[in-house]
Structures are given as structure tokens and as C-alpha cells.
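Dropping protein-v2.txt in here (compact mmCIF, C-alpha atoms and all ligand atoms):
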```txt
# COMPACT_ATOMS: atom_id res chain seq x y z
CA MET A 1096 152.10 150.39 194.89
CA LYS A 1097 148.48 151.51 194.63
CA SER A 1098 147.08 151.59 191.10
CA LEU A 1099 143.92 150.83 189.16
CA SER A 1100 143.89 147.77 186.94
CA LYS A 1101 144.22 148.08 183.17
CA ALA A 1102 140.87 146.28 182.83
CA SER A 1103 139.13 148.85 185.00
CA MET A 1104 140.55 151.68 182.89
CA ASN A 1105 138.86 150.09 179.89
CA ILE A 1106 135.37 150.30 181.38
CA HIS A 1107 133.43 152.94 179.48
CA GLY A 1108 129.90 152.31 180.76
CA GLN A 1109 126.97 153.71 178.82
CA PRO A 1110 127.80 157.21 177.57
CA MET A 1111 124.12 158.15 177.26
CA PHE A 1112 123.84 158.43 181.04
CA LYS A 1113 126.00 161.54 180.77
CA TYR A 1114 123.12 163.25 178.96
CA LEU A 1115 120.62 162.14 181.59
CA ASP A 1116 122.83 163.58 184.34
CA ARG A 1117 123.14 166.88 182.52
CA ALA A 1118 119.38 167.05 181.93
CA ARG A 1119 118.71 166.39 185.63
CA LYS A 1120 121.04 169.24 186.53
CA LEU A 1121 119.16 171.63 184.23
CA GLU A 1122 115.85 170.42 185.71
CA ALA A 1123 117.15 171.13 189.20
CA GLU A 1124 117.73 174.71 187.98
CA GLY A 1125 114.03 174.90 187.08
CA ARG A 1126 114.21 174.11 183.33
CA SER A 1127 111.47 172.02 181.70
CA MET A 1128 112.95 168.94 180.01
CA ILE A 1129 111.34 166.26 177.85
CA HIS A 1130 113.22 163.00 178.30
CA MET A 1131 113.79 160.90 175.22
CA GLU A 1132 117.25 159.62 176.02
CA ILE A 1133 116.96 156.36 177.99
CA GLY A 1134 115.30 153.17 176.75
CA ASP A 1135 113.10 152.72 179.80
CA PRO A 1136 109.34 152.19 179.28
CA ASP A 1137 107.11 154.85 180.83
CA PHE A 1138 104.68 152.04 181.74
CA THR A 1139 104.98 150.25 185.05
CA THR A 1140 105.21 146.46 185.11
CA PRO A 1141 101.78 144.79 184.52
CA PRO A 1142 100.04 144.01 187.85
CA ASN A 1143 99.83 140.22 187.32
CA ILE A 1144 103.65 140.14 187.10
CA VAL A 1145 104.07 142.29 190.20
CA MET A 1146 101.64 140.11 192.14
CA ALA A 1147 103.51 136.94 191.16
CA ALA A 1148 106.62 138.36 192.83
CA VAL A 1149 104.66 139.47 195.88
CA ARG A 1150 103.14 135.99 196.24
CA ALA A 1151 106.57 134.37 195.86
CA LEU A 1152 107.99 136.59 198.59
CA ALA A 1153 105.07 135.79 200.90
CA GLU A 1154 105.62 132.09 200.22
CA GLY A 1155 109.19 132.37 201.41
CA LYS A 1156 111.06 132.44 198.11
CA THR A 1157 113.72 134.51 199.78
CA HIS A 1158 116.69 132.16 199.64
CA TYR A 1159 119.53 131.38 197.29
CA THR A 1160 118.45 129.36 194.31
CA SER A 1161 120.39 127.33 191.75
CA SER A 1162 122.93 129.43 189.82
CA TRP A 1163 121.39 128.03 186.64
CA GLY A 1164 118.05 129.52 187.65
CA ASP A 1165 114.82 128.22 189.08
CA LEU A 1166 113.68 125.00 187.40
CA GLU A 1167 110.11 126.13 186.73
CA PHE A 1168 111.34 129.34 185.14
CA ARG A 1169 113.87 127.55 182.96
CA GLU A 1170 111.20 125.10 181.81
CA THR A 1171 109.00 128.08 180.96
CA ILE A 1172 111.83 129.57 178.90
CA ARG A 1173 112.33 126.27 177.05
CA VAL A 1174 108.67 126.11 176.09
CA ALA A 1175 108.60 129.81 175.13
CA THR A 1176 111.62 129.20 172.88
CA TYR A 1177 109.80 126.31 171.23
CA ASN A 1178 106.71 128.46 170.64
CA SER A 1179 108.58 131.49 169.32
CA ARG A 1180 111.63 129.99 167.60
CA GLY A 1181 110.59 126.44 166.82
CA PHE A 1182 113.03 124.41 168.93
CA LEU A 1183 113.13 123.08 172.46
CA PRO A 1184 116.53 123.73 174.02
CA ASP A 1185 117.85 121.20 176.53
CA LEU A 1186 117.81 122.25 180.14
CA ASN A 1187 121.61 122.47 180.27
CA GLN A 1188 121.44 125.12 177.55
CA VAL A 1189 119.34 127.59 179.59
CA LEU A 1190 120.92 130.02 182.06
CA VAL A 1191 118.97 132.71 183.95
CA LEU A 1192 120.70 136.07 184.27
CA PRO A 1193 120.41 139.27 186.28
CA GLY A 1194 119.54 141.27 183.11
CA ALA A 1195 120.50 140.87 179.47
CA ASN A 1196 123.38 143.32 179.85
CA MET A 1197 125.20 140.75 181.93
CA GLY A 1198 124.96 138.16 179.15
CA ILE A 1199 127.04 140.34 176.85
CA PHE A 1200 129.86 140.56 179.33
CA TYR A 1201 129.64 136.85 180.16
CA ALA A 1202 129.83 135.88 176.50
CA VAL A 1203 132.86 138.04 175.81
CA PHE A 1204 134.59 136.95 179.00
CA CYS A 1205 134.01 133.25 178.34
CA LEU A 1206 134.77 133.27 174.61
CA CYS A 1207 137.46 135.88 174.02
CA ASP A 1208 141.08 136.07 175.05
CA PRO A 1209 142.97 139.37 175.10
CA GLY A 1210 143.76 140.39 171.53
CA THR A 1211 140.99 138.35 169.93
CA GLU A 1212 138.44 140.21 167.84
CA VAL A 1213 134.71 140.62 168.24
CA LEU A 1214 132.57 141.90 165.39
CA VAL A 1215 129.90 144.30 166.61
CA PRO A 1216 127.10 146.24 164.94
CA ASP A 1217 127.79 149.96 164.57
CA PRO A 1218 125.59 151.81 165.36
CA GLY A 1219 125.04 149.43 168.25
CA PHE A 1220 124.44 149.10 171.97
CA ALA A 1221 127.37 150.68 173.83
CA THR A 1222 127.68 147.79 176.32
CA TYR A 1223 129.06 145.62 173.51
CA TYR A 1224 132.05 147.90 173.01
CA SER A 1225 132.70 148.42 176.70
CA SER A 1226 132.51 144.71 177.61
CA ILE A 1227 134.89 143.79 174.80
CA LYS A 1228 137.47 146.43 175.74
CA MET A 1229 137.20 145.49 179.39
CA CYS A 1230 138.17 141.89 178.54
CA GLY A 1231 141.17 143.06 176.52
CA ALA A 1232 139.58 141.92 173.26
CA VAL A 1233 139.20 144.19 170.24
CA ASP A 1234 135.86 145.52 169.02
CA VAL A 1235 135.73 145.50 165.22
CA HIS A 1236 132.81 147.54 163.96
CA VAL A 1237 130.51 146.27 161.21
CA PRO A 1238 128.84 149.27 159.55
CA LEU A 1239 125.04 149.22 159.55
CA ARG A 1240 124.47 151.40 156.53
CA GLU A 1241 121.55 153.78 156.31
CA GLU A 1242 121.07 152.85 152.64
CA HIS A 1243 120.52 149.23 153.77
CA GLY A 1244 117.96 150.32 156.34
CA PHE A 1245 120.64 149.89 159.04
CA ARG A 1246 120.50 146.09 158.59
CA MET A 1247 123.77 144.14 158.93
CA GLN A 1248 124.97 142.63 155.65
CA ALA A 1249 126.99 139.40 155.47
CA ASP A 1250 129.31 140.94 152.84
CA ASP A 1251 130.33 143.67 155.26
CA VAL A 1252 130.96 141.07 157.96
CA ARG A 1253 133.00 138.82 155.67
CA LYS A 1254 135.46 141.62 154.86
CA LEU A 1255 136.22 142.10 158.54
CA ILE A 1256 136.76 138.49 159.61
CA THR A 1257 140.38 137.60 160.40
CA ASP A 1258 142.01 134.59 162.03
CA LYS A 1259 141.61 136.43 165.35
CA THR A 1260 137.82 136.71 165.10
CA ARG A 1261 136.01 134.71 167.78
CA LEU A 1262 132.56 136.19 168.00
CA LEU A 1263 129.99 138.21 166.06
CA ILE A 1264 127.16 140.08 167.76
CA VAL A 1265 123.87 140.74 165.98
CA ASN A 1266 120.96 142.69 167.38
CA SER A 1267 117.60 142.64 165.63
CA PRO A 1268 115.49 144.67 166.27
CA ASN A 1269 118.42 146.97 166.78
CA ASN A 1270 119.17 149.57 169.39
CA PRO A 1271 119.57 152.46 168.39
CA THR A 1272 118.05 152.25 164.90
CA GLY A 1273 114.99 150.01 165.38
CA ALA A 1274 116.01 148.09 162.24
CA VAL A 1275 114.70 144.52 161.84
CA MET A 1276 116.86 142.14 159.82
CA THR A 1277 115.24 139.83 157.27
CA ARG A 1278 115.20 136.04 157.52
CA GLN A 1279 117.62 135.80 154.59
CA GLU A 1280 120.05 138.36 156.05
CA LEU A 1281 120.20 136.47 159.33
CA LYS A 1282 120.59 133.15 157.54
CA ASP A 1283 123.51 134.57 155.50
CA ILE A 1284 125.16 135.79 158.69
CA TYR A 1285 124.62 132.45 160.40
CA ASP A 1286 126.07 130.53 157.41
CA LEU A 1287 129.10 132.79 157.44
CA CYS A 1288 129.70 132.17 161.16
CA VAL A 1289 129.52 128.42 160.61
CA GLU A 1290 131.83 128.65 157.57
CA LYS A 1291 134.40 130.65 159.55
CA ASP A 1292 133.70 128.74 162.76
CA ILE A 1293 132.99 131.74 164.96
CA TYR A 1294 130.33 132.17 167.64
CA LEU A 1295 127.21 134.19 166.87
CA TYR A 1296 125.66 136.08 169.79
CA THR A 1297 122.14 137.13 168.92
CA ASP A 1298 120.77 139.83 171.21
CA GLU A 1299 117.00 139.48 170.90
CA ILE A 1300 115.85 141.71 173.74
CA TYR A 1301 113.42 143.52 171.40
CA SER A 1302 112.04 140.32 169.82
CA ARG A 1303 108.51 140.95 171.12
CA MET A 1304 108.57 144.55 169.92
CA ILE A 1305 107.94 144.30 166.18
CA TYR A 1306 105.55 146.50 164.17
CA ASP A 1307 103.47 146.16 161.01
CA ASP A 1308 104.49 143.45 158.58
CA TYR A 1309 108.03 143.09 159.88
CA GLU A 1310 108.80 139.51 160.78
CA PHE A 1311 110.90 138.48 163.75
CA THR A 1312 113.33 135.69 162.95
CA SER A 1313 116.15 134.27 164.97
CA PRO A 1314 119.34 132.62 163.69
CA SER A 1315 119.07 130.34 166.76
CA GLN A 1316 116.62 128.13 164.87
CA TYR A 1317 119.35 126.84 162.55
CA ASP A 1318 121.60 125.10 165.08
CA GLN A 1319 119.17 125.21 168.02
CA CYS A 1320 121.95 126.92 170.00
CA LYS A 1321 123.87 123.63 170.03
CA SER A 1322 127.14 124.69 168.39
CA HIS A 1323 127.57 128.31 167.24
CA VAL A 1324 124.63 130.44 168.35
CA ILE A 1325 124.12 132.03 171.77
CA LEU A 1326 120.70 133.57 172.16
CA SER A 1327 120.14 136.37 174.65
CA ASN A 1328 116.80 137.72 175.77
CA GLY A 1329 115.56 139.93 178.56
CA PHE A 1330 112.40 141.09 180.29
CA SER A 1331 113.20 144.80 180.60
CA LYS A 1332 111.62 146.16 177.47
CA ALA A 1333 108.50 144.27 176.29
CA PHE A 1334 107.29 143.57 179.85
CA ALA A 1335 108.34 146.98 181.20
CA MET A 1336 110.62 145.35 183.78
CA THR A 1337 113.83 147.39 183.54
CA GLY A 1338 114.21 147.65 187.31
CA TRP A 1339 113.77 143.91 187.95
CA ARG A 1340 117.03 142.85 186.28
CA LEU A 1341 116.06 139.64 184.55
CA GLY A 1342 117.28 137.94 181.40
CA ALA A 1343 118.26 134.54 180.04
CA LEU A 1344 120.80 132.96 177.73
CA ILE A 1345 120.48 129.84 175.60
CA GLY A 1346 123.63 128.40 174.11
CA PRO A 1347 125.90 125.40 173.57
CA PRO A 1348 126.17 123.33 176.80
CA ASP A 1349 129.95 123.74 177.17
CA VAL A 1350 129.67 127.52 176.85
CA MET A 1351 126.72 127.69 179.23
CA GLU A 1352 128.60 125.62 181.79
CA ARG A 1353 131.34 128.26 181.87
CA MET A 1354 128.86 131.12 182.09
CA TYR A 1355 127.06 129.32 184.89
CA MET A 1356 130.35 129.15 186.83
CA LEU A 1357 130.93 132.85 186.17
CA LEU A 1358 127.46 133.74 187.41
CA GLN A 1359 127.94 131.54 190.47
CA THR A 1360 131.21 133.33 191.17
CA THR A 1361 129.96 136.88 190.67
CA SER A 1362 126.31 136.95 191.73
CA SER A 1363 125.47 133.46 193.11
CA CYS A 1364 122.00 133.44 191.55
CA VAL A 1365 119.09 135.59 190.39
CA SER A 1366 116.57 136.35 193.16
CA PRO A 1367 113.92 133.58 193.13
CA PHE A 1368 110.90 135.91 193.48
CA ILE A 1369 112.13 137.85 190.43
CA GLN A 1370 112.17 134.57 188.52
CA SER A 1371 108.57 133.87 189.64
CA ALA A 1372 107.65 137.22 188.11
CA GLY A 1373 109.44 136.16 184.92
CA THR A 1374 107.44 132.91 184.78
CA GLU A 1375 104.21 134.90 185.08
CA ALA A 1376 105.39 137.38 182.41
CA ILE A 1377 105.76 134.56 179.91
CA ARG A 1378 102.88 132.30 180.93
CA GLY A 1379 100.32 134.88 182.06
CA PRO A 1380 97.96 137.01 179.97
CA GLN A 1381 99.68 139.10 177.31
CA ASP A 1382 97.02 141.84 177.01
CA ALA A 1383 99.19 144.43 178.77
CA VAL A 1384 102.12 143.70 176.43
CA TYR A 1385 99.88 144.11 173.36
CA ALA A 1386 98.36 147.30 174.78
CA MET A 1387 101.84 148.78 175.31
CA MET A 1388 102.80 147.81 171.76
CA ASP A 1389 99.68 149.54 170.40
CA GLN A 1390 100.74 152.71 172.14
CA TYR A 1391 104.36 152.43 170.98
CA ARG A 1392 103.13 151.99 167.41
CA GLU A 1393 101.05 155.17 167.57
CA ARG A 1394 103.90 157.10 169.13
CA ARG A 1395 106.37 155.81 166.56
CA ASN A 1396 104.12 156.90 163.71
CA ALA A 1397 103.62 160.35 165.21
CA LEU A 1398 107.30 160.83 166.02
CA VAL A 1399 108.73 159.67 162.69
CA SER A 1400 106.20 161.62 160.66
CA GLY A 1401 106.85 164.73 162.79
CA LEU A 1402 110.64 164.40 162.47
CA ASN A 1403 110.34 164.17 158.70
CA HIS A 1404 108.65 167.59 158.71
CA ILE A 1405 111.56 169.25 160.50
CA PRO A 1406 114.17 171.09 158.39
CA GLY A 1407 117.48 169.21 158.37
CA PHE A 1408 116.01 165.95 159.73
CA ARG A 1409 115.37 162.74 157.78
CA CYS A 1410 114.09 159.63 159.55
CA GLN A 1411 113.46 156.04 158.43
CA MET A 1412 110.49 154.17 159.88
CA PRO A 1413 111.84 151.68 162.45
CA GLY A 1414 110.38 148.17 162.31
CA GLY A 1415 110.91 147.34 165.98
CA ALA A 1416 112.06 148.42 169.47
CA PHE A 1417 111.17 151.96 170.62
CA TYR A 1418 113.78 154.23 169.10
CA ALA A 1419 113.84 156.68 166.18
CA PHE A 1420 117.24 157.41 164.67
CA PRO A 1421 116.96 160.44 162.37
CA ASN A 1422 119.78 161.64 160.17
CA ILE A 1423 120.44 165.25 161.19
CA THR A 1424 123.26 166.13 158.77
CA GLY A 1425 120.89 168.53 157.01
CA THR A 1426 121.12 170.87 160.01
CA GLY A 1427 124.79 171.52 159.22
CA LEU A 1428 125.69 170.56 162.82
CA THR A 1429 127.25 167.40 164.27
CA ASP A 1430 125.12 164.95 166.25
CA VAL A 1431 126.78 166.06 169.49
CA GLU A 1432 126.06 169.72 168.69
CA VAL A 1433 122.43 168.94 167.85
CA CYS A 1434 121.95 167.00 171.11
CA GLU A 1435 123.60 169.62 173.25
CA ARG A 1436 121.64 172.45 171.64
CA LEU A 1437 118.36 170.54 171.81
CA MET A 1438 118.96 170.01 175.50
CA ASP A 1439 120.09 173.57 176.29
CA GLN A 1440 117.93 175.56 173.87
CA ALA A 1441 114.80 173.41 173.36
CA GLY A 1442 114.62 171.32 176.54
CA VAL A 1443 114.53 167.98 174.69
CA VAL A 1444 116.94 165.29 175.86
CA THR A 1445 118.27 162.96 173.14
CA VAL A 1446 121.48 160.97 172.58
CA PRO A 1447 124.08 161.61 169.84
CA GLY A 1448 124.36 158.74 167.36
CA SER A 1449 128.13 158.69 167.88
CA CYS A 1450 127.51 157.30 171.41
CA PHE A 1451 126.56 154.13 169.54
CA GLY A 1452 129.75 153.98 167.46
CA ASP A 1453 131.42 156.05 164.75
CA TYR A 1454 128.93 154.99 162.08
CA GLY A 1455 126.14 156.43 164.23
CA ALA A 1456 127.54 159.96 163.79
CA GLY A 1457 125.24 162.30 161.89
CA HIS A 1458 122.20 160.88 163.69
CA ILE A 1459 120.53 161.26 167.04
CA ARG A 1460 118.50 158.72 168.98
CA LEU A 1461 115.09 159.53 170.43
CA CYS A 1462 113.35 156.96 172.61
CA TYR A 1463 109.56 157.09 172.30
CA ALA A 1464 108.88 155.19 175.51
CA THR A 1465 107.23 158.35 176.77
CA ASP A 1466 103.62 159.57 176.56
CA MET A 1467 102.11 161.00 173.39
CA GLN A 1468 101.68 164.49 174.82
CA SER A 1469 105.42 164.66 175.57
CA ILE A 1470 106.23 163.41 172.08
CA LYS A 1471 104.04 166.11 170.53
CA SER A 1472 105.59 168.80 172.72
CA ALA A 1473 109.09 167.52 171.88
CA LEU A 1474 108.33 167.67 168.15
CA HIS A 1475 106.98 171.18 168.55
CA ARG A 1476 110.10 172.29 170.41
CA ILE A 1477 112.54 170.59 168.00
CA LYS A 1478 110.74 172.06 164.99
CA ALA A 1479 110.81 175.59 166.42
CA TRP A 1480 114.51 175.17 167.23
CA ALA A 1481 115.38 173.80 163.77
CA GLU A 1482 113.40 176.50 161.97
CA LYS A 1483 115.19 179.19 163.94
CA LEU A 1484 118.52 177.57 163.12
CA TRP A 1485 117.60 177.34 159.45
CA TRP A 1486 116.50 180.97 159.39
CA GLU A 1487 119.68 182.16 161.09
CA GLU A 1488 121.89 180.20 158.70
CA ASN A 1489 120.09 181.43 155.62
CA HIS A 1490 119.77 184.97 156.91
CA ALA A 1491 123.50 185.06 157.71
CA SER A 1492 124.40 183.93 154.20
CA MET A 1493 122.24 186.58 152.52
C1 LIG B 1501 120.31 145.84 172.59
C2 LIG B 1501 120.22 145.74 174.07
N1 LIG B 1501 120.71 144.65 174.67
C3 LIG B 1501 120.68 144.49 175.99
C4 LIG B 1501 120.13 145.48 176.80
C5 LIG B 1501 120.19 145.27 178.29
O1 LIG B 1501 118.95 145.02 178.85
P1 LIG B 1501 118.78 144.62 180.39
O2 LIG B 1501 117.95 145.69 181.00
O3 LIG B 1501 118.05 143.30 180.37
O4 LIG B 1501 120.11 144.49 181.00
C6 LIG B 1501 119.61 146.65 176.22
C7 LIG B 1501 119.08 147.74 177.07
O5 LIG B 1501 118.91 148.86 176.65
C8 LIG B 1501 119.65 146.77 174.82
O6 LIG B 1501 119.17 147.85 174.20
```

This structure in C-alpha cells:
Amino acid sequence: MKSLSKASMNIHGQPMFKYLDRARKLEAEGRSMIHMEIGDPDFTTPPNIVMAAVRALAEGKTHYTSSWGDLEFRETIRVATYNSRGFLPDLNQVLVLPGANMGIFYAVFCLCDPGTEVLVPDPGFATYYSSIKMCGAVDVHVPLREEHGFRMQADDVRKLITDKTRLLIVNSPNNPTGAVMTRQELKDIYDLCVEKDIYLYTDEIYSRMIYDDYEFTSPSQYDQCKSHVILSNGFSKAFAMTGWRLGALIGPPDVMERMYMLLQTTSSCVSPFIQSAGTEAIRGPQDAVYAMMDQYRERRNALVSGLNHIPGFRCQMPGGAFYAFPNITGTGLTDVEVCERLMDQAGVVTVPGSCFGDYGAGHIRLCYATDMQSIKSALHRIKAWAEKLWWEENHASM
């Protein structure tokens, strides 16, 4: 008898794409929309990276390559890990991936049986929840409290660990809040994972996107990814390479061996010319990356300051990534209502915080990977909308 699998019914995707689709529909009807919903840089990939791929294609790098990844690229990742995190992983710890998203699924699939529990940040990246459900495991949400600057606390994690817990996911800088965890907070989390003997998956895709005096630290330095820590990174954000689909994992050899087999089974390998681009991204000049960060910093400052001048909005200054996550409870509306009204009435596309888990409710996410003029226009539109709302509410109660 024809029927869909239980696993497929548990695939939830990324709910934010629903808002993009709706915005595109309104645009097709002639409405002007400012897009702040998807975490995709408005910059194109730096030319030296593009040219590295072009050269590789011209040189005939058009074949299958090792499922582990191209040797030169993996060596580059090893050295980059040494420079940024202070340890040189062994070659059999490094696996190249078609995007960091894939690493999340691979980790859950290889580490969790149906019914086992995975601790996830909430608010957090929706792929975590979907991958866990899809594998029949249970997502247990660790609250990232606003009063703690949305940084995960070991005490909150400890309360949620049971004998079914297999894995904890941390993400610093965090999507959707931009929060950067401190060295001590990450050390406490790492110690707890070792004490309870659970894996720690550290999603560091925003590691190169840190502002001001915030410090990037990685729990991978403590065990050098030899026993408990699996480190994930990707090229999409800092190098503006979302469309290239490139990431890498570093982890304990036995875990990586399994993930390698999974990758071999599902996608054979990552395209070799894409890996040549990745090598250039890491080894080549970093001026373009710094220039993008300078612009993100300016945009962040303008956006957060502007949001804090809007009635009903209250926004913390994010230390990394490119998202602002204001609390909108002062509007008297839910996050879904605010997003829908901002889209329909103000032409600004945002994502409700509840798309990132229940603890995200009462907030909305705005991505500032868009030009300054659009950010200023969006602030203008949101302010006019919020002032009208405020006036109507107060007028009605008079
Ligand atoms: C926290 C986090 N992890 C992973 C990813 C996936 O990135 P990639 O484009 O490399 O699949 C994203 C993308 O938005 C993200 O925000």
C-alpha cells in the first residue's frame, strides 16, 4: 500500500522560507518589500575565490574526489584550525561537507537512536529541531534567556540531562540572537558534557563574524575533537558563499568514519572545484572579509539603535553574526502578528522568533545582511507602523 514514511512526515524544513514565499507573492502584486528575513549576505563572493573555482574547472577538476574531501583543502582546514583554535586535528578527523546544514543531520543520524534525546539551544537554528525529529530522536530545548544575553548556561543544561541524552548542540555566535558565549560558559558546558559523557556539537559557522571586544572561543580546544567535541564550520556567511554549499566537520575519528560513509552513500563527494574555492577563501587575502565585517558592524549599530527608538521594541546589541533579535512584547502583539503586519502593512519582511523555538516567542529576527539604505528605510517604515499602532491602542482606550 502506498504511503509516506514516518521519517518524511517529521521533516519540517526551515519555517522562515514561508515568509520569503509570501513576500515574493506580494512583490509580484507590485508591493515594495524590504527583505530582512533570510541570512544570506547581500555581497557576492570575493573575486579571488570565484577565480580559484574557475581555474580549477579549467584545469579539469570536474571529477569525483575522495568522500573525505580534497587533500589540499583538508590540509588547509587543519592549519586554519591550528591558527584559530590552537590545535592541529589529524587528517582522519576532517570531513568536507556540502554545507554546514548537512553536518547537523549527519551528527544526529550517526549519534542518535530513535527515542534518544538531543539538547538544543532555543531560540536556535530550525534545522537542529527538524534533523532531530526526522531521525526519531527527541529535541529537548535549553532556554537561552534574554536576561543572560541569550547565552546558554550550564545550569540550565544540567537540569535537562537524562540517561537518554546523547548530544548537546551549542551555537556561538548564535542564530537568531547574535549572542556570543564567554570562554567560561563554553568551558562549563564542555566540562558538563565530559562529566555526563555526551557529545558536544559546536556549530561555529559565525566564528569569523565577531564584533567589538567580544572574543571567539571554541570548546573544541579542550579535547581537540578527539573524544567528545564535534566542530562544524561553513563558508556561507563570512565568505558570502551561501550558494556554493561548502562546510567541514572536525571530530573524533570513529564518528568521522561513520559520517564519511554517510556522505559517500548520499552525495559521493563535494565538487572538487568548490573545494578549490574553499582553499582560496582560507589561504587567500582576507581584505574582502574584513570589509564586509566593517559594513555589517555599521549596519548593526544603525539597526539596533533605530529599533530601540521604536515604541514597543527593545533590542540587545548582538556580539556576532548578522541578526538583530528585538523583544516586541511592548507592542501588545505576538511575534507572528508583528511579522505578518510588518509584511502586509509596512512592507518589511522579518521572521517571528517562535520559528526558532518556543523561547523565541515575543521576539522577531531581522537579518542586516542588506544595504544601509534598505536598513534605514526599514527602520522608518517599522517606526511609522509602530507609532500608528501605539496611537490606535491609546486612542481606543481613551
Ligand atoms: C547556525 C547555523 N548553522 C548552520 C547553517 C547552515 O549553513 P550552510 O549554508 O553552510 O548550510 C546556518 C545557516 O543559516 C546557521 O545559521

- Taking (116.5, 155.1, 165.6) in the file's coordinates, which residues come within 7 Å, counting all atoms listed in the file, written as a ChimeraX atom specification? /A:1271-1273,1413,1418-1421,1460-1461

Could you write out the selected residues, including C-alpha atoms, as an mmCIF file, in the frame of the given file?
```
data_model
loop_
_atom_site.group_PDB
_atom_site.id
_atom_site.type_symbol
_atom_site.label_atom_id
_atom_site.label_comp_id
_atom_site.auth_asym_id
_atom_site.auth_seq_id
_atom_site.Cartn_x
_atom_site.Cartn_y
_atom_site.Cartn_z
ATOM 1 C CA PRO A 1271 119.570 152.460 168.390
ATOM 2 C CA THR A 1272 118.050 152.250 164.900
ATOM 3 C CA GLY A 1273 114.990 150.010 165.380
ATOM 4 C CA PRO A 1413 111.840 151.680 162.450
ATOM 5 C CA TYR A 1418 113.780 154.230 169.100
ATOM 6 C CA ALA A 1419 113.840 156.680 166.180
ATOM 7 C CA PHE A 1420 117.240 157.410 164.670
ATOM 8 C CA PRO A 1421 116.960 160.440 162.370
ATOM 9 C CA ARG A 1460 118.500 158.720 168.980
ATOM 10 C CA LEU A 1461 115.090 159.530 170.430
#
```

- Message: Quick one: residues within 12 Å of Asp1389 of chain A, only C-alpha atoms, excluding same-chain residues fewer than 2 positions away - as a VMD selection string?
- Response: chain A and resid 1304 to 1307 1333 1382 to 1387 1391 to 1396 1417 1464

- Query: Which chains and residue numbers are within 10 Å of ligand LIG 1501 (chain B), counting only C-alpha atoms and all ligand atoms, if I want them as a ChimeraX atom specification?
  - Reply: /A:1109,1133-1135,1192-1199,1219-1223,1265-1271,1273,1297-1301,1327-1332,1335-1343,1416-1418

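Distances here use all atoms listed in the file; by that measure, the residue among A:Glu1154, A:Glu1132, A:Glu1375, A:Asp1137 closest to Met1467 of chain A is A:Asp1137.
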
Quick one: what's the axis-aligned box for segment 1356-1371 of chain A, all listed atoms, 6 Å on every side, centre and edges in Å to one decimal, as lines of an AutoDock Vina configuration file?
```
center_x = 119.9
center_y = 133.5
center_z = 189.8
size_x = 34.6
size_y = 20.7
size_z = 19.3
```

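Of the residues under consideration (A:Thr1424, A:Asn1489, A:Thr1360, A:Gln1390), A:Gln1390 shows the shortest atom-to-atom contact distance to Pro1136 of chain A when counting only C-alpha atoms.
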
- Query: segment 1228-1237 of chain A: which residues within 12 Å, counting all atoms listed in the file, same-chain residues fewer than 5 positions away excluded, as a VMD selection string?
  - Reply: chain A and resid 1100 to 1108 1199 to 1223 1245 to 1257 1259 to 1266 1451 to 1455

- Task: Give the answer as one residue: which of A:Ile1423, A:Ala1372, A:Ile1345, A:Cys1288 has the shortest atom-to-atom distance to Val1189 of chain A, using only C-alpha atoms?
- Result: A:Ile1345

- Item | Between atom CA of Phe1311 of chain A and atom CA of Ile1369 of chain A - distance in Å to one decimal | 26.7 Å

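Of the residues under consideration (A:Leu1190, A:Ser1098, A:Thr1465, A:Ala1441), A:Thr1465 shows the shortest atom-to-atom contact distance to Thr1139 of chain A when counting all atoms listed in the file.
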
- Message: One decimal, in Å: what's the spacing between atom CA of Gly1442 of chain A and atom CA of Ala1473 of chain A?
- Response: 8.2 Å

- Query: By how many Å are atom CA of Met1146 of chain A and atom CA of His1158 of chain A apart?
  - Reply: 18.6 Å

- Query: For Gln1468 of chain A, which of A:Glu1122, A:Leu1428, A:Ala1397, A:Gly1448 is the closest residue, counting all atoms listed in the file?
  - Reply: A:Ala1397

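Across A:Gly1155, A:Pro1367, A:Gly1373, A:Gly1346, the tightest approach to Ala1175 of chain A is made by A:Gly1373 when counting all atoms listed in the file.
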
Show me, as a compact mmCIF listing (two decimals) with C-alpha atoms, keeping the file's coordinate frame, the residues that have an atom within 12 Å of Gly1407 of chain A when counting all atoms listed in the file, minus same-chain residues fewer than 6 positions from it.
```txt
# COMPACT_ATOMS: atom_id res chain seq x y z
CA PRO A 1421 116.96 160.44 162.37
CA ASN A 1422 119.78 161.64 160.17
CA ILE A 1423 120.44 165.25 161.19
CA THR A 1424 123.26 166.13 158.77
CA GLY A 1425 120.89 168.53 157.01
CA THR A 1426 121.12 170.87 160.01
CA GLY A 1427 124.79 171.52 159.22
CA LEU A 1428 125.69 170.56 162.82
CA THR A 1429 127.25 167.40 164.27
CA ASP A 1430 125.12 164.95 166.25
CA VAL A 1433 122.43 168.94 167.85
CA GLY A 1457 125.24 162.30 161.89
CA HIS A 1458 122.20 160.88 163.69
CA ILE A 1477 112.54 170.59 168.00
CA LYS A 1478 110.74 172.06 164.99
CA TRP A 1480 114.51 175.17 167.23
CA ALA A 1481 115.38 173.80 163.77
CA GLU A 1482 113.40 176.50 161.97
CA LYS A 1483 115.19 179.19 163.94
CA LEU A 1484 118.52 177.57 163.12
CA TRP A 1485 117.60 177.34 159.45
CA TRP A 1486 116.50 180.97 159.39
CA GLU A 1488 121.89 180.20 158.70
```

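By all atoms listed in the file, and with residues fewer than 2 positions from Lys1321 of chain A along its chain excluded, the set lying at most 6 Å from it is Asp1318, Gln1319 and Pro1347 of chain A.
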
Output file for the residues above (C-alpha atoms, as an mmCIF file, in the coordinates of the input):
```
data_model
loop_
_atom_site.group_PDB
_atom_site.id
_atom_site.type_symbol
_atom_site.label_atom_id
_atom_site.label_comp_id
_atom_site.auth_asym_id
_atom_site.auth_seq_id
_atom_site.Cartn_x
_atom_site.Cartn_y
_atom_site.Cartn_z
ATOM 1 C CA ASP A 1318 121.600 125.100 165.080
ATOM 2 C CA GLN A 1319 119.170 125.210 168.020
ATOM 3 C CA PRO A 1347 125.900 125.400 173.570
#
```
